[in-house]
$ cat run29.pdb   # PDB, C-alpha atoms and all ligand atoms
ATOM      1  CA  MET A   1       0.000   0.000   0.000
ATOM      2  CA  THR A   2       1.413   3.420  -0.933
ATOM      3  CA  ALA A   3       1.855   6.155   1.685
ATOM      4  CA  ALA A   4      -0.939   8.160   0.034
ATOM      5  CA  ALA A   5      -3.303   5.167   0.212
ATOM      6  CA  GLN A   6      -2.356   4.623   3.869
ATOM      7  CA  LEU A   7      -3.114   8.280   4.632
ATOM      8  CA  ALA A   8      -6.477   8.008   2.834
ATOM      9  CA  ALA A   9      -7.354   4.836   4.803
ATOM     10  CA  LEU A  10      -6.410   6.435   8.130
ATOM     11  CA  ARG A  11      -8.383   9.565   7.259
ATOM     12  CA  GLY A  12     -11.364   7.345   6.496
ATOM     13  CA  LEU A  13     -11.089   5.990  10.041
ATOM     14  CA  ILE A  14     -10.793   9.504  11.516
ATOM     15  CA  THR A  15     -13.912  10.580   9.599
ATOM     16  CA  GLY A  16     -15.798   7.602  11.041
ATOM     17  CA  ILE A  17     -14.618   8.442  14.584
ATOM     18  CA  ASP A  18     -15.557  12.125  14.178
ATOM     19  CA  ASP A  19     -19.005  11.087  12.939
ATOM     20  CA  GLY A  20     -19.344   8.882  16.017
ATOM     21  CA  LEU A  21     -18.429  11.768  18.355
ATOM     22  CA  ILE A  22     -20.986  14.122  16.771
ATOM     23  CA  ILE A  23     -23.642  11.395  16.869
ATOM     24  CA  LEU A  24     -22.965  10.875  20.587
ATOM     25  CA  MET A  25     -23.196  14.645  21.180
ATOM     26  CA  GLY A  26     -26.613  14.569  19.500
ATOM     27  CA  VAL A  27     -27.644  11.701  21.763
ATOM     28  CA  ARG A  28     -26.449  13.689  24.824
ATOM     29  CA  CYS A  29     -28.528  16.689  23.700
ATOM     30  CA  ARG A  30     -31.632  14.524  23.528
ATOM     31  CA  VAL A  31     -31.057  13.171  27.031
ATOM     32  CA  VAL A  32     -30.366  16.703  28.331
ATOM     33  CA  ALA A  33     -33.693  17.804  26.772
ATOM     34  CA  ALA A  34     -35.439  15.121  28.849
ATOM     35  CA  VAL A  35     -33.530  16.281  31.987
ATOM     36  CA  ALA A  36     -34.565  19.884  31.231
ATOM     37  CA  ALA A  37     -38.224  18.871  30.941
ATOM     38  CA  LEU A  38     -38.053  16.995  34.242
ATOM     39  CA  LYS A  39     -36.337  19.881  36.067
ATOM     40  CA  GLN A  40     -38.848  22.338  34.643
ATOM     41  CA  ARG A  41     -41.768  20.231  35.877
ATOM     42  CA  GLU A  42     -40.273  19.756  39.349
ATOM     43  CA  GLY A  43     -39.013  23.340  39.618
ATOM     44  CA  TRP A  44     -35.390  22.180  40.136
ATOM     45  CA  ALA A  45     -32.359  24.371  39.369
ATOM     46  CA  VAL A  46     -30.592  23.997  36.027
ATOM     47  CA  ARG A  47     -27.129  23.629  37.549
ATOM     48  CA  ASP A  48     -26.051  20.975  39.995
ATOM     49  CA  PRO A  49     -22.435  21.691  41.096
ATOM     50  CA  LEU A  50     -22.073  18.381  42.948
ATOM     51  CA  ARG A  51     -23.070  16.388  39.858
ATOM     52  CA  GLU A  52     -20.805  18.551  37.681
ATOM     53  CA  ARG A  53     -17.815  17.756  39.918
ATOM     54  CA  ARG A  54     -18.579  14.051  39.649
ATOM     55  CA  VAL A  55     -18.927  14.219  35.836
ATOM     56  CA  LEU A  56     -15.600  16.069  35.579
ATOM     57  CA  ARG A  57     -13.779  13.675  37.902
ATOM     58  CA  ARG A  58     -15.068  10.703  35.925
ATOM     59  CA  ALA A  59     -13.956  12.236  32.607
ATOM     60  CA  LEU A  60     -10.467  12.853  33.999
ATOM     61  CA  ARG A  61     -10.218   9.284  35.320
ATOM     62  CA  LEU A  62     -11.407   7.755  32.032
ATOM     63  CA  GLY A  63      -9.178  10.121  30.047
ATOM     64  CA  LYS A  64      -6.154   9.013  32.085
ATOM     65  CA  ALA A  65      -6.970   5.349  31.470
ATOM     66  CA  CYS A  66      -7.361   5.968  27.717
ATOM     67  CA  GLY A  67      -4.319   8.201  27.267
ATOM     68  CA  VAL A  68      -6.213  11.484  26.847
ATOM     69  CA  PRO A  69      -4.313  14.412  28.471
ATOM     70  CA  ALA A  70      -6.093  15.752  31.602
ATOM     71  CA  LEU A  71      -6.282  19.256  30.087
ATOM     72  CA  GLN A  72      -8.077  17.949  27.009
ATOM     73  CA  ALA A  73     -10.452  15.616  28.898
ATOM     74  CA  GLY A  74     -11.282  18.394  31.393
ATOM     75  CA  ARG A  75     -11.927  20.982  28.701
ATOM     76  CA  HIS A  76     -14.137  18.602  26.759
ATOM     77  CA  SER A  77     -16.175  17.670  29.825
ATOM     78  CA  ARG A  78     -16.632  21.330  30.887
ATOM     79  CA  MET A  79     -17.598  22.296  27.331
ATOM     80  CA  LEU A  80     -20.298  19.598  27.256
ATOM     81  CA  MET A  81     -21.679  20.688  30.636
ATOM     82  CA  ARG A  82     -21.732  24.369  29.647
ATOM     83  CA  ALA A  83     -23.636  23.450  26.465
ATOM     84  CA  ALA A  84     -26.074  21.314  28.496
ATOM     85  CA  CYS A  85     -26.775  24.200  30.915
ATOM     86  CA  ARG A  86     -27.279  26.634  28.017
ATOM     87  CA  GLN A  87     -29.676  24.168  26.384
ATOM     88  CA  GLN A  88     -31.684  23.854  29.629
ATOM     89  CA  ARG A  89     -31.854  27.644  30.069
ATOM     90  CA  ARG A  90     -33.160  27.965  26.516
ATOM     91  CA  THR A  91     -35.922  25.473  27.358
ATOM     92  CA  GLN A  92     -36.821  27.509  30.449
ATOM     93  CA  ALA A  93     -36.871  30.735  28.451
ATOM     94  CA  ALA A  94     -39.099  29.136  25.804
ATOM     95  CA  CYS A  95     -41.492  27.973  28.531
ATOM     96  CA  ALA A  96     -41.736  31.512  29.798
ATOM     97  CA  VAL A  97     -42.701  32.789  26.308
ATOM     98  CA  SER A  98     -45.405  30.297  25.424
ATOM     99  CA  PRO A  99     -46.312  28.149  28.428
ATOM    100  CA  ASN A 100     -49.180  26.210  26.813
ATOM    101  CA  ARG A 101     -47.379  24.954  23.753
ATOM    102  CA  ILE A 102     -44.205  24.204  25.641
ATOM    103  CA  GLU A 103     -46.163  22.427  28.349
ATOM    104  CA  LYS A 104     -47.579  20.114  25.716
ATOM    105  CA  ALA A 105     -44.155  19.465  24.181
ATOM    106  CA  ARG A 106     -42.699  18.924  27.647
ATOM    107  CA  ASP A 107     -45.408  16.422  28.587
ATOM    108  CA  THR A 108     -44.797  14.527  25.356
ATOM    109  CA  MET A 109     -41.115  14.444  26.164
ATOM    110  CA  ILE A 110     -41.725  13.232  29.718
ATOM    111  CA  SER A 111     -44.167  10.600  28.517
ATOM    112  CA  ARG A 112     -41.321   9.293  26.379
ATOM    113  CA  LEU A 113     -38.957   9.113  29.314
ATOM    114  CA  PRO A 114     -39.024   5.316  29.842
ATOM    115  CA  PHE A 115     -35.575   4.525  28.625
ATOM    116  CA  ARG A 116     -36.477   1.372  26.734
ATOM    117  CA  SER A 117     -38.103   3.401  23.982
ATOM    118  CA  LEU A 118     -35.373   6.034  24.222
ATOM    119  CA  ALA A 119     -32.776   3.304  23.690
ATOM    120  CA  THR A 120     -34.627   2.175  20.561
ATOM    121  CA  ASP A 121     -34.886   5.742  19.298
ATOM    122  CA  LEU A 122     -31.195   6.233  19.918
ATOM    123  CA  LEU A 123     -30.445   3.377  17.528
ATOM    124  CA  GLY A 124     -31.884   5.646  14.859
ATOM    125  CA  LEU A 125     -29.101   8.115  15.590
ATOM    126  CA  LEU A 126     -26.493   5.597  14.499
ATOM    127  CA  PRO A 127     -25.214   6.269  11.002
ATOM    128  CA  PRO A 128     -26.928   4.211   8.290
ATOM    129  CA  PRO A 129     -24.744   1.432   6.768
ATOM    130  CA  LYS A 130     -23.891   3.569   3.727
ATOM    131  CA  ARG A 131     -22.125   6.030   6.050
ATOM    132  CA  LEU A 132     -19.993   3.139   7.309
ATOM    133  CA  ALA A 133     -18.792   2.366   3.782
ATOM    134  CA  PRO A 134     -15.606   4.500   4.089
ATOM    135  CA  VAL A 135     -14.739   2.799   7.395
ATOM    136  CA  LEU A 136     -15.180  -0.648   5.830
ATOM    137  CA  ALA A 137     -13.219   0.441   2.782
ATOM    138  CA  ALA A 138     -10.294   1.057   5.126
ATOM    139  CA  ILE A 139     -10.136  -2.697   5.896
ATOM    140  CA  PRO A 140      -7.671  -4.242   3.423
ATOM    141  CA  SER A 141      -9.604  -6.023   0.678
ATOM    142  CA  HIS A 142      -7.626  -9.273   1.050
ATOM    143  CA  TRP A 143      -8.755  -9.528   4.708
ATOM    144  CA  ARG A 144     -12.374  -9.069   3.656
ATOM    145  CA  ALA A 145     -11.906 -11.704   0.951
ATOM    146  CA  GLN A 146     -10.346 -14.133   3.462
ATOM    147  CA  TRP A 147     -13.252 -13.715   5.914
ATOM    148  CA  LEU A 148     -15.748 -14.309   3.118
ATOM    149  CA  GLU A 149     -13.907 -17.387   1.847
ATOM    150  CA  ARG A 150     -13.828 -18.772   5.377
ATOM    151  CA  ALA A 151     -17.558 -18.054   5.921
ATOM    152  CA  VAL A 152     -18.522 -19.687   2.610
ATOM    153  CA  GLY A 153     -16.200 -22.608   3.441
ATOM    154  CA  GLN A 154     -18.097 -23.099   6.746
ATOM    155  CA  ILE A 155     -21.452 -23.242   4.933
ATOM    156  CA  VAL A 156     -20.429 -25.456   2.042
ATOM    157  CA  GLY A 157     -18.313 -27.639   4.332
ATOM    158  CA  GLY A 158     -16.659 -30.659   2.673
ATOM    159  CA  GLY A 159     -18.541 -29.921  -0.554
ATOM    160  CA  ASP A 160     -20.753 -33.014  -0.740
ATOM    161  CA  ASP A 161     -22.859 -33.916  -3.789
ATOM    162  CA  GLU A 162     -25.532 -31.435  -2.876
ATOM    163  CA  TRP A 163     -23.153 -28.608  -3.716
ATOM    164  CA  ALA A 164     -22.028 -30.199  -7.016
ATOM    165  CA  PHE A 165     -24.066 -27.657  -9.015
ATOM    166  CA  LEU A 166     -21.626 -24.965  -7.834
ATOM    167  CA  GLN A 167     -18.526 -26.701  -9.250
ATOM    168  CA  GLY A 168     -16.732 -24.298 -11.584
ATOM    169  CA  ARG A 169     -19.455 -21.629 -11.229
ATOM    170  CA  ARG A 170     -18.994 -18.060 -10.036
ATOM    171  CA  ILE A 171     -21.463 -16.366  -7.692
ATOM    172  CA  GLY A 172     -21.511 -12.596  -7.149
ATOM    173  CA  ILE A 173     -22.615 -10.880  -3.948
ATOM    174  CA  GLU A 174     -23.234  -7.134  -3.883
ATOM    175  CA  ILE A 175     -24.016  -5.174  -0.724
ATOM    176  CA  THR A 176     -25.580  -2.193  -2.429
ATOM    177  CA  ASP A 177     -25.464   0.398   0.372
ATOM    178  CA  LEU A 178     -21.907  -0.445   1.392
ATOM    179  CA  ASN A 179     -20.621  -0.393  -2.158
ATOM    180  CA  LEU A 180     -19.043  -3.828  -1.641
ATOM    181  CA  ARG A 181     -19.049  -6.659  -4.153
ATOM    182  CA  TRP A 182     -17.313  -9.979  -4.486
ATOM    183  CA  VAL A 183     -17.313 -12.831  -6.953
ATOM    184  CA  ILE A 184     -16.801 -16.253  -5.397
ATOM    185  CA  ALA A 185     -15.624 -19.169  -7.512
ATOM    186  CA  TYR A 186     -16.274 -22.635  -6.213
ATOM    187  CA  GLY A 187     -14.121 -25.549  -7.273
ATOM    188  CA  GLU A 188     -12.306 -28.522  -5.767
ATOM    189  CA  CYS A 189     -14.290 -28.159  -2.552
ATOM    190  CA  GLN A 190     -12.926 -24.673  -2.019
ATOM    191  CA  ALA A 191     -14.377 -21.177  -2.276
ATOM    192  CA  ARG A 192     -12.138 -18.406  -3.564
ATOM    193  CA  VAL A 193     -12.787 -14.723  -4.154
ATOM    194  CA  VAL A 194     -11.818 -14.034  -7.770
ATOM    195  CA  ASP A 195     -11.536 -11.050 -10.064
ATOM    196  CA  ALA A 196     -13.843 -12.280 -12.849
ATOM    197  CA  PRO A 197     -17.450 -11.802 -13.959
ATOM    198  CA  ALA A 198     -20.102 -13.738 -12.040
ATOM    199  CA  ASP A 199     -22.483 -16.333 -13.559
ATOM    200  CA  ALA A 200     -25.230 -15.250 -11.158
ATOM    201  CA  SER A 201     -25.333 -12.398  -8.625
ATOM    202  CA  VAL A 202     -27.430 -11.359  -5.641
ATOM    203  CA  HIS A 203     -27.825  -7.700  -4.758
ATOM    204  CA  ALA A 204     -29.304  -6.351  -1.503
ATOM    205  CA  THR A 205     -28.616  -3.868   1.286
ATOM    206  CA  ALA A 206     -26.530  -4.856   4.325
ATOM    207  CA  VAL A 207     -29.563  -4.995   6.651
ATOM    208  CA  ASP A 208     -31.610  -7.123   4.234
ATOM    209  CA  LEU A 209     -28.737  -9.566   3.727
ATOM    210  CA  LEU A 210     -28.341  -9.793   7.510
ATOM    211  CA  LEU A 211     -32.085 -10.411   7.924
ATOM    212  CA  LEU A 212     -31.896 -13.094   5.251
ATOM    213  CA  ALA A 213     -28.833 -14.779   6.771
ATOM    214  CA  SER A 214     -30.451 -14.811  10.225
ATOM    215  CA  ARG A 215     -33.723 -16.128   8.738
ATOM    216  CA  LEU A 216     -35.733 -13.254  10.139
ATOM    217  CA  GLU A 217     -36.861 -12.533   6.584
ATOM    218  CA  ASP A 218     -37.321 -15.037   3.760
ATOM    219  CA  ALA A 219     -35.947 -14.660   0.253
ATOM    220  CA  ASP A 220     -39.392 -14.722  -1.427
ATOM    221  CA  THR A 221     -40.657 -11.757   0.608
ATOM    222  CA  LEU A 222     -37.510  -9.787  -0.186
ATOM    223  CA  PHE A 223     -37.775 -10.665  -3.913
ATOM    224  CA  PHE A 224     -41.400  -9.601  -4.098
ATOM    225  CA  GLN A 225     -40.639  -6.346  -2.297
ATOM    226  CA  ARG A 226     -37.726  -5.809  -4.704
ATOM    227  CA  ARG A 227     -35.308  -5.626  -1.802
ATOM    228  CA  LEU A 228     -33.355  -8.620  -3.128
ATOM    229  CA  ARG A 229     -32.308  -8.784  -6.781
ATOM    230  CA  LEU A 230     -30.991 -11.720  -8.742
ATOM    231  CA  THR A 231     -29.108 -11.128 -11.999
ATOM    232  CA  GLY A 232     -27.316 -13.363 -14.512
ATOM    233  CA  ASP A 233     -28.137 -17.083 -14.572
ATOM    234  CA  ILE A 234     -31.443 -17.032 -12.667
ATOM    235  CA  GLU A 235     -31.683 -20.828 -12.553
ATOM    236  CA  LEU A 236     -28.293 -21.089 -10.851
ATOM    237  CA  GLY A 237     -29.331 -18.358  -8.394
ATOM    238  CA  LEU A 238     -32.592 -20.098  -7.543
ATOM    239  CA  THR A 239     -30.905 -23.492  -7.110
ATOM    240  CA  LEU A 240     -28.455 -21.866  -4.707
ATOM    241  CA  ARG A 241     -31.296 -20.171  -2.813
ATOM    242  CA  ASN A 242     -33.185 -23.482  -2.455
ATOM    243  CA  ARG A 243     -30.047 -25.238  -1.275
ATOM    244  CA  LEU A 244     -29.362 -22.517   1.323
ATOM    245  CA  ASP A 245     -33.025 -22.630   2.414
ATOM    246  CA  SER A 246     -32.836 -26.363   3.027
ATOM    247  CA  LEU A 247     -29.727 -26.065   5.228
ATOM    248  CA  PRO A 248     -30.680 -26.997   8.791
ATOM    249  CA  TRP A 249     -30.403 -23.799  10.885
ATOM    250  CA  GLU A 250     -29.088 -25.966  13.740
ATOM    251  CA  SER A 251     -26.041 -26.897  11.644
ATOM    252  CA  ILE A 252     -24.744 -23.345  12.079
ATOM    253  CA  PRO A 253     -22.679 -22.951  15.298
ATOM    254  CA  LEU A 254     -24.842 -21.607  18.164
ATOM    255  CA  ALA A 255     -22.602 -18.560  18.794
ATOM    256  CA  ILE A 256     -22.929 -17.495  15.141
ATOM    257  CA  ARG A 257     -26.705 -18.033  15.216
ATOM    258  CA  ILE A 258     -27.040 -15.822  18.312
ATOM    259  CA  LEU A 259     -24.737 -13.183  16.838
ATOM    260  CA  LEU A 260     -26.649 -13.167  13.540
ATOM    261  CA  ASN A 261     -30.006 -12.997  15.259
ATOM    262  CA  ARG A 262     -29.063 -10.178  17.675
ATOM    263  CA  GLY A 263     -27.204  -8.243  14.976
ATOM    264  CA  ALA A 264     -30.077  -8.504  12.491
ATOM    265  CA  ARG A 265     -32.686  -7.455  15.083
ATOM    266  CA  ALA A 266     -30.600  -4.434  16.171
ATOM    267  CA  ALA A 267     -29.969  -3.469  12.530
ATOM    268  CA  ARG A 268     -33.688  -3.695  11.746
ATOM    269  CA  ARG A 269     -34.600  -1.587  14.806
ATOM    270  CA  ALA A 270     -31.944   0.971  13.822
ATOM    271  CA  ARG A 271     -33.347   1.168  10.289
ATOM    272  CA  ASP A 272     -36.935   1.556  11.546
ATOM    273  CA  SER A 273     -35.898   4.273  14.028
ATOM    274  CA  HIS A 274     -34.019   5.954  11.224
ATOM    275  CA  HIS A 275     -37.120   6.078   9.062
ATOM    276  CA  LYS A 276     -39.158   7.327  12.040
ATOM    277  CA  LEU A 277     -36.659  10.080  12.820
ATOM    278  CA  ARG A 278     -36.480  11.143   9.182
ATOM    279  CA  HIS A 279     -40.265  11.358   9.077
ATOM    280  CA  LEU A 280     -40.290  13.345  12.348
ATOM    281  CA  ARG A 281     -37.684  15.774  11.017
ATOM    282  CA  LEU A 282     -39.745  16.246   7.851
ATOM    283  CA  CYS A 283     -42.869  16.954   9.925
ATOM    284  CA  VAL A 284     -41.022  19.495  12.082
ATOM    285  CA  ALA A 285     -39.500  21.195   9.005
ATOM    286  CA  THR A 286     -42.940  21.383   7.355
ATOM    287  CA  GLU A 287     -44.474  22.824  10.522
ATOM    288  CA  ILE A 288     -41.742  25.455  10.828
ATOM    289  CA  ALA A 289     -42.150  26.431   7.149
ATOM    290  CA  ALA A 290     -45.939  26.656   7.484
ATOM    291  CA  LYS A 291     -45.585  28.746  10.649
ATOM    292  CA  SER A 292     -43.187  31.192   9.017
ATOM    293  CA  ILE A 293     -45.531  31.580   6.012
ATOM    294  CA  ARG A 294     -48.480  32.264   8.355
ATOM    295  CA  GLN A 295     -46.371  34.753  10.313
ATOM    296  CA  ARG A 296     -45.314  36.569   7.115
ATOM    297  CA  ARG A 297     -48.930  36.763   5.932
ATOM    298  CA  ALA A 298     -50.017  38.118   9.301
ATOM    299  CA  ASP A 299     -47.244  40.739   9.187
ATOM    300  CA  GLU A 300     -48.257  41.932   5.716
ATOM    301  CA  PRO A 301     -50.175  45.229   5.813
TER     302      PRO A 301
HETATM  303  C1  LIG A 401     -27.727  17.576  32.720
HETATM  304  C2  LIG A 401     -27.782  18.106  33.938
HETATM  305  O1  LIG A 401     -27.670  19.486  34.143
HETATM  306  C3  LIG A 401     -26.413  20.128  34.281
HETATM  307  C4  LIG A 401     -25.478  19.594  33.314
HETATM  308  C5  LIG A 401     -24.685  18.538  33.613
HETATM  309  C6  LIG A 401     -24.008  17.759  32.521
HETATM  310  O2  LIG A 401     -23.967  18.256  31.404
HETATM  311  O3  LIG A 401     -23.522  16.655  32.771
HETATM  312  C7  LIG A 401     -24.503  18.152  34.953
HETATM  313  C8  LIG A 401     -25.122  18.834  35.965
HETATM  314  C9  LIG A 401     -25.957  20.011  35.752
HETATM  315  O4  LIG A 401     -25.260  21.156  36.128
HETATM  316  C10 LIG A 401     -28.005  17.278  35.134
HETATM  317  O5  LIG A 401     -28.416  17.823  36.160
HETATM  318  O6  LIG A 401     -27.808  16.058  35.036
END

$ encode --input "run29.pdb" --output "structure tokens" --more "lines below"
Ligand SMILES: C=C(O[C@@H]1C=C(C(=O)O)C=C[C@H]1O)C(=O)O
Amino acid sequence: MTAAAQLAALRGLITGIDDGLIILMGVRCRVVAAVAALKQREGWAVRDPLRERRVLRRALRLGKACGVPALQAGRHSRMLMRAACRQQRRTQAACAVSPNRIEKARDTMISRLPFRSLATDLLGLLPPPKRLAPVLAAIPSHWRAQWLERAVGQIVGGGDDEWAFLQGRRIGIEITDLNLRWVIAYGECQARVVDAPADASVHATAVDLLLLASRLEDADTLFFQRRLRLTGDIELGLTLRNRLDSLPWESIPLAIRILLNRGARAARRARDSHHKLRHLRLCVATEIAAKSIRQRRADEP
């Protein structure tokens, strides 16, 4: 790998980490909004010096353990707390301006306080798979190919007669939202990732492929909903699908089954929350636009 490619790969990682930090700041803001609503209802003060000292001490301790200089960890923690106090004061000020509307919003917020639903909503704040593409691209392609070859090897096993239809054929897999594609050639009881055109290919998003692999969604449903596409030699693709369908789920190691199942459920919840949040943002934007139009009309002589 050239120095320029190494720099690009490392920068890809930094971008992913920076995204993660901003996402976590957004999550903190949402939790602070819930704290603000609670304090407002109970008439408690915005600032709590004892809690602030504890938060700071914890940040310094964690920073020390992770190699973050005390000055940097302290500054970061104080900056977050200052922002949280400002945010809470803004909420209080807004309540003073329009108590009825804010009261409603506050009650909605408090009614959403049970943290089970908050945890699900927070999944929606995770970046969608396509935003992870640059991070994945930073993983050397031969490692990815090795993992895939090993995974396919586990499924096909010793390559008994039931897999004979794959001999000398090439199957393509494309994860559309991650911009990843491989062609796997099967021969002499071995799967290899090759640089050649595929005889048949499957195309789907990362979440749908995960749902399919964990059997939380079946191939027919995904085909009919056009979430799974088959191109090239359709007969080969369908034979492969039927063969995979008939594999006993119990033949997959328990740890992998659990991992697949948990991962697919979390990914599906994240995607649903994502759609919900996007819809919510759209509603809020529409409401703001409508309000500003009404205001402008009212201001016109
Ligand atoms: C968020 C709160 O309000 C303030 C902000 C804090 C923070 O950002 O961690 C801590 C204490 C309070 O001064 C809280 O009381 O928990």

$ closest_residue --input "run29.pdb" --among "A:Cys85, A:Leu7, A:Leu60, A:Ala185" --to "ligand LIG 401 (chain A)" --atoms "only C-alpha atoms and all ligand atoms"
A:Cys85

$ residues_near_ligand --input "run29.pdb" --ligand "ligand LIG 401 (chain A)" --cutoff "7 Å" --atoms "all atoms listed in the file" --output "compact mmCIF listing (two decimals) with C-alpha atoms, keeping the file's coordinate frame"
# COMPACT_ATOMS: atom_id res chain seq x y z
CA VAL A 32 -30.37 16.70 28.33
CA VAL A 35 -33.53 16.28 31.99
CA VAL A 46 -30.59 24.00 36.03
CA ARG A 47 -27.13 23.63 37.55
CA ASP A 48 -26.05 20.98 39.99
CA PRO A 49 -22.44 21.69 41.10
CA ARG A 51 -23.07 16.39 39.86
CA GLU A 52 -20.80 18.55 37.68
CA VAL A 55 -18.93 14.22 35.84
CA LEU A 80 -20.30 19.60 27.26
CA MET A 81 -21.68 20.69 30.64
CA ARG A 82 -21.73 24.37 29.65
CA ALA A 84 -26.07 21.31 28.50
CA CYS A 85 -26.78 24.20 30.92

$ closest_residue --input "run29.pdb" --among "A:Ala65, A:Ile175, A:Val183, A:Leu216" --to "His203 (chain A)" --atoms "all atoms listed in the file"
A:Ile175

$ resolve_selection --input "run29.pdb" --expression "the PyMOL selection byres (((chain A and resi 228-232) around 6) and not hetatm)" --output "list of chain:residue names"
A:Asp199, A:Ala200, A:Ser201, A:Val202, A:His203, A:Ala204, A:Leu222, A:Phe223, A:Arg226, A:Arg227, A:Asp233, A:Ile234

$ closest_residue --input "run29.pdb" --among "A:Leu244, A:Ile139, A:Ala33, A:Ala70" --to "Ala83 (chain A)" --atoms "only C-alpha atoms"
A:Ala33

$ closest_residue --input "run29.pdb" --among "A:Cys189, A:Leu210, A:Met25, A:Leu13" --to "Leu132 (chain A)" --atoms "only C-alpha atoms"
A:Leu13

$ closest_residue --input "run29.pdb" --among "A:Lys291, A:Arg144, A:Arg150, A:Arg86" --to "Cys29 (chain A)" --atoms "all atoms listed in the file"
A:Arg86
